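For reference, the structure is listed below as structure tokens.
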Amino acid sequence: MKEFRNAKHIALVIRQLGGRSGGAERIYCELANILVESGYRVTCLHFDTKDAPPFYPISPKAEVINLYGKAKTRKQGRAMLIQRLPFVSVHAKNQAMWHEKNDFFLSQLRDYFQFAKPALAISLMPPANTVALLAAAGTEVKVVATNHNVPKEDYESPHRWDPNPVDRRLRKQVLDHAAAIHVLFPSFRDWFPAHLKDRVIAIPNYISPEFAQRPNAERDKVILAVGRLAEVKNYMQLARSWGTLANDFPDWKVIIYGTGPQRNELKDEIAKLGIGKSFVLGGHRCDLGREYARSAIFCHPAHFEGFGLSPAEALHMSVPVVSYADCAGVNQFVKDGYNGLAVERHGSVDALAGGLRRLIEDQALREALGRNGPESVSEFTLDRYRANWVNLIATLTERPN
Amino acid sequence: MATLDILIPHYNDPEGLALTLRSVSRQTWQGDKRIVVADDGSRPDIRKAIEATAEHSQLKIDVIFNEVNRGRPYTRNVLLDSIESPYVAWLDAGDEWYSEKLSHQFDEVELAESANWGKPYWITCNYDWAWVGGKKKKVVQRTNQDQLKALLIGSSLRGYLWTVLGPADAFKNVGWFDERLPRLQDLDYFIRFVIHGGSIKSPRVDSPLSIYHKSDVGRNADEIRGCNAYLFDKHRVLYNRYGESFKRMRLYRMEMLAARFAQSNKSLLTTRRYFWRAFRTHPTAFLHHVWKNGLKA
């Protein structure tokens, strides 16, 4: 008689998902769909105060559970009280603040791991990693902690994630309990302490197969940028650099696609520099393939990236990239003089403007660099990404505790 | 290929099955139906009778036999595995549909599809609840509420598969029935449907479209309590979302339900045991119940 067996159960954990359109949320939803397609039973666990659906589609074959509830745990109740007491040390208050923020999420994940017993949990980014690793302690559930940015920034910067020093300390400490630690590039392994290095696995992101369009034979005189309008992307510098070039190249345009918190500040800067006619904030755009196909240059002046997806997409579409040589997550694949120009960030001259000027003036160089683009990012494929995850899951779930 | 597969699990109840099939044959909906009866290892004489019924019926009936009795969830999985048509409805041997059921539900399917609903959906319906030997009582399935919470409470929206009709994928995507649940496997399936992003919809009619012939006789109180406990643990994080008092009330209701089964089967000691557990779980709710209903569970 036929038996009806359930597939291997993978829990994907993220802190916030509902309605969020960021890159990490996209990766989360796509990983869920990839694992469903690969035959796993997938449960997506998140912790959102509102029950908004995910922005990116998730397969109806996957379960999606919002663990948030209005109820408070006893520890949360005590933590709220401690924060109000006048004679308590700063450290104790920070500790209490951490518990108030995380204890319900933690107890929910602990219950889920204890009763649902997934074969493996994959948590996305430090705000979920810390809680998932603590919750799994004492259960048989193995956790893969994934990192979608430069580890030094994720684990040391007081400006990223929860600024509470207790969270920053825990973030690093709990990595000891991870079955594997995912990073985006092999060189990111260097940041981790020696005893964790053998657990670090590099799985880069992939360029979506949707960017299969053939580039235009005749490119427009457009310098393209794609990304969130946020400080880390450094588009203010692009505006200032273009301010020094705009008068020399009146038939060229800069277009940035993306939205974000720095939009108004950027608009003010554009107005101040008087470059409104040639520097366009294009907002959100779905069909980026057409924009890559028609653009002559791609500029990505970010301070740092986990995986610079938009410059990788540009290279895939044969657009030469101008970026800073020290930008982690981009300098892994933008090679100066091969597929783009990697300019020095620190110096007396505006190297970004210099790089752009050089490419604007030299069509032959643009074309030569553009031709090398697709080959330079050819390893970032969906098939390889899927195979990397499936292999990692197989290795971890078949290995005894 | 038919438009609708009607999936019926069956075990040693030929009269019940005949009643059920009659209600299918009386449907006013004229679409092409395929009935699948999965017999869960009934006695040999009953198997023969089912084969004969299928052969001589004007309905298109496919029969699948389990070699041995494997239980209701396994049999539901056999049925799930047998789906061929684009739409699916469930019906248990012994329960009935009123003649307009499929017609009203397909009207709602049409509306959902013309509105490009985009989410998995099932269409449920109001039904009559008929205790064996008692009067019928209409029960409303309220779908315009927090469906997850309502299913966990199990009062204004109940996980009865024989009320629902939906696209085949909306069932298949939920996965297999949980074979560790000899009872309540359909409630578990409803809960999982909702956490798969599914939504339960009502047709535009208020009248009952099915009839549930209900009896607690012969049903094991310990088994129902065991299944409820398992379900509670399995979906613990969902119960947690609604707070401690919600959980306490749910646990109290589970004890009282087991007490009802024990009382219906005249098992005095078991009834007392579950009453005591209900009292310990939620003393005020238990005393309130006794004040209103006496010691009738």
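Lettering and numbering for the structure tokens are positional, with chains as A, B, ... in the shown order, residues counted from 1 in each chain, and ligands counted from 1 in the shown order.
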
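In plain terms, chain B touches chain A through Asn173, Val174, Trp176, Ile195, His196, Gly197, Asp233, Lys234, Arg236, Val237, Arg241, Tyr242 and Gly243 of chain B, where touching means an atom at most 7 Å away, counting only C-alpha atoms.
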
Would you list, as a ChimeraX atom specification, the residues of region 169-281 of chain A that end up in alpha helix (DSSP H) under DSSP run on this structure's backbone?
/A:169-173,194-197,235-245,263-273

Need to verify the contact set: Gln141 (chain B), 6 Å, only C-alpha atoms, exclusion of same-chain residues closer than 4 positions in sequence. Can you return it as a PyMOL selection string?
chain B and resi 126+156-157

Name all residues at most 6 Å from Tyr98 (chain B) (count only C-alpha atoms; drop same-chain ones fewer than 3 positions away) and give them as a PDB file with C-alpha atoms, in the first residue's frame.
```
ATOM      1  CA  LYS B 101     -25.122  22.925  -2.298  1.00  0.00           C
ATOM      2  CA  LEU B 209     -26.499  23.476   2.403  1.00  0.00           C
ATOM      3  CA  SER B 210     -25.432  20.295   4.225  1.00  0.00           C
TER       4      SER B 210
END
```

Can you tell me which residues surround Ser267 (chain B) at a distance of at most 12 Å, considering only C-alpha atoms, apart from same-chain residues fewer than 2 positions away, and format the answer as a PDB file with N, CA and C atoms, in the first residue's frame?
```pdb
ATOM      1  N   VAL B 217     -21.846   8.510  20.303  1.00  0.00           N
ATOM      2  CA  VAL B 217     -21.865   7.126  20.793  1.00  0.00           C
ATOM      3  C   VAL B 217     -20.751   6.315  20.132  1.00  0.00           C
ATOM      4  N   GLY B 218     -20.039   5.568  20.955  1.00  0.00           N
ATOM      5  CA  GLY B 218     -18.965   4.720  20.445  1.00  0.00           C
ATOM      6  C   GLY B 218     -17.680   5.470  20.188  1.00  0.00           C
ATOM      7  N   ARG B 219     -17.658   6.757  20.517  1.00  0.00           N
ATOM      8  CA  ARG B 219     -16.443   7.536  20.264  1.00  0.00           C
ATOM      9  C   ARG B 219     -15.663   7.696  21.572  1.00  0.00           C
ATOM     10  N   ASN B 220     -14.410   7.439  21.471  1.00  0.00           N
ATOM     11  CA  ASN B 220     -13.566   7.311  22.645  1.00  0.00           C
ATOM     12  C   ASN B 220     -13.119   8.683  23.172  1.00  0.00           C
ATOM     13  N   ALA B 221     -13.476   8.955  24.441  1.00  0.00           N
ATOM     14  CA  ALA B 221     -13.157  10.266  25.035  1.00  0.00           C
ATOM     15  C   ALA B 221     -11.651  10.475  25.145  1.00  0.00           C
ATOM     16  N   ASP B 222     -10.935   9.418  25.533  1.00  0.00           N
ATOM     17  CA  ASP B 222      -9.479   9.566  25.679  1.00  0.00           C
ATOM     18  C   ASP B 222      -8.827   9.850  24.324  1.00  0.00           C
ATOM     19  N   ALA B 258     -14.023  16.141  25.954  1.00  0.00           N
ATOM     20  CA  ALA B 258     -13.767  14.733  26.298  1.00  0.00           C
ATOM     21  C   ALA B 258     -14.806  14.254  27.314  1.00  0.00           C
ATOM     22  N   ALA B 259     -15.178  15.136  28.247  1.00  0.00           N
ATOM     23  CA  ALA B 259     -16.207  14.775  29.237  1.00  0.00           C
ATOM     24  C   ALA B 259     -17.536  14.482  28.534  1.00  0.00           C
ATOM     25  N   ARG B 260     -17.853  15.286  27.498  1.00  0.00           N
ATOM     26  CA  ARG B 260     -19.107  15.064  26.751  1.00  0.00           C
ATOM     27  C   ARG B 260     -19.113  13.700  26.072  1.00  0.00           C
ATOM     28  N   PHE B 261     -17.990  13.359  25.444  1.00  0.00           N
ATOM     29  CA  PHE B 261     -17.903  12.049  24.788  1.00  0.00           C
ATOM     30  C   PHE B 261     -18.067  10.933  25.820  1.00  0.00           C
ATOM     31  N   ALA B 262     -17.399  11.106  26.970  1.00  0.00           N
ATOM     32  CA  ALA B 262     -17.480  10.068  28.000  1.00  0.00           C
ATOM     33  C   ALA B 262     -18.906   9.947  28.512  1.00  0.00           C
ATOM     34  N   GLN B 263     -19.553  11.100  28.710  1.00  0.00           N
ATOM     35  CA  GLN B 263     -20.932  11.100  29.228  1.00  0.00           C
ATOM     36  C   GLN B 263     -21.883  10.457  28.217  1.00  0.00           C
ATOM     37  N   SER B 264     -21.713  10.771  26.936  1.00  0.00           N
ATOM     38  CA  SER B 264     -22.585  10.188  25.905  1.00  0.00           C
ATOM     39  C   SER B 264     -22.427   8.674  25.854  1.00  0.00           C
ATOM     40  N   ASN B 265     -21.235   8.212  26.237  1.00  0.00           N
ATOM     41  CA  ASN B 265     -20.987   6.762  26.226  1.00  0.00           C
ATOM     42  C   ASN B 265     -21.136   6.145  27.613  1.00  0.00           C
ATOM     43  N   LEU B 269     -16.858   7.207  35.311  1.00  0.00           N
ATOM     44  CA  LEU B 269     -15.538   7.505  35.889  1.00  0.00           C
ATOM     45  C   LEU B 269     -14.740   8.451  34.992  1.00  0.00           C
ATOM     46  N   THR B 270     -14.784   8.150  33.689  1.00  0.00           N
ATOM     47  CA  THR B 270     -14.049   8.993  32.732  1.00  0.00           C
ATOM     48  C   THR B 270     -14.645  10.399  32.712  1.00  0.00           C
ATOM     49  N   THR B 271     -15.984  10.467  32.775  1.00  0.00           N
ATOM     50  CA  THR B 271     -16.627  11.792  32.786  1.00  0.00           C
ATOM     51  C   THR B 271     -16.133  12.582  33.984  1.00  0.00           C
ATOM     52  N   ARG B 272     -16.141  11.942  35.153  1.00  0.00           N
ATOM     53  CA  ARG B 272     -15.693  12.635  36.382  1.00  0.00           C
ATOM     54  C   ARG B 272     -14.246  13.095  36.251  1.00  0.00           C
ATOM     55  N   ARG B 273     -13.421  12.221  35.678  1.00  0.00           N
ATOM     56  CA  ARG B 273     -12.006  12.561  35.525  1.00  0.00           C
ATOM     57  C   ARG B 273     -11.846  13.836  34.673  1.00  0.00           C
ATOM     58  N   TYR B 274     -12.602  13.872  33.555  1.00  0.00           N
ATOM     59  CA  TYR B 274     -12.462  15.056  32.693  1.00  0.00           C
ATOM     60  C   TYR B 274     -13.108  16.288  33.308  1.00  0.00           C
TER      61      TYR B 274
END
```

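One distance worth recording is that between CA of Pro209 (chain A) and CA of Met317 (chain A), which is 11.6 Å.
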
Using only C-alpha atoms, which residues sit within 7 Å of Ala119 (chain A) once same-chain residues fewer than 6 positions away are excluded, as a list in words?
Lys8, His9, Ile10, Val141 and Thr397 of chain A

Got a sec: who's within 8 Å of Val164 (chain B), counting only C-alpha atoms, leaving out chain neighbours fewer than 2 positions off, as an MDAnalysis selection string?
chainID B and resid 89:90 122:125 160:162 166
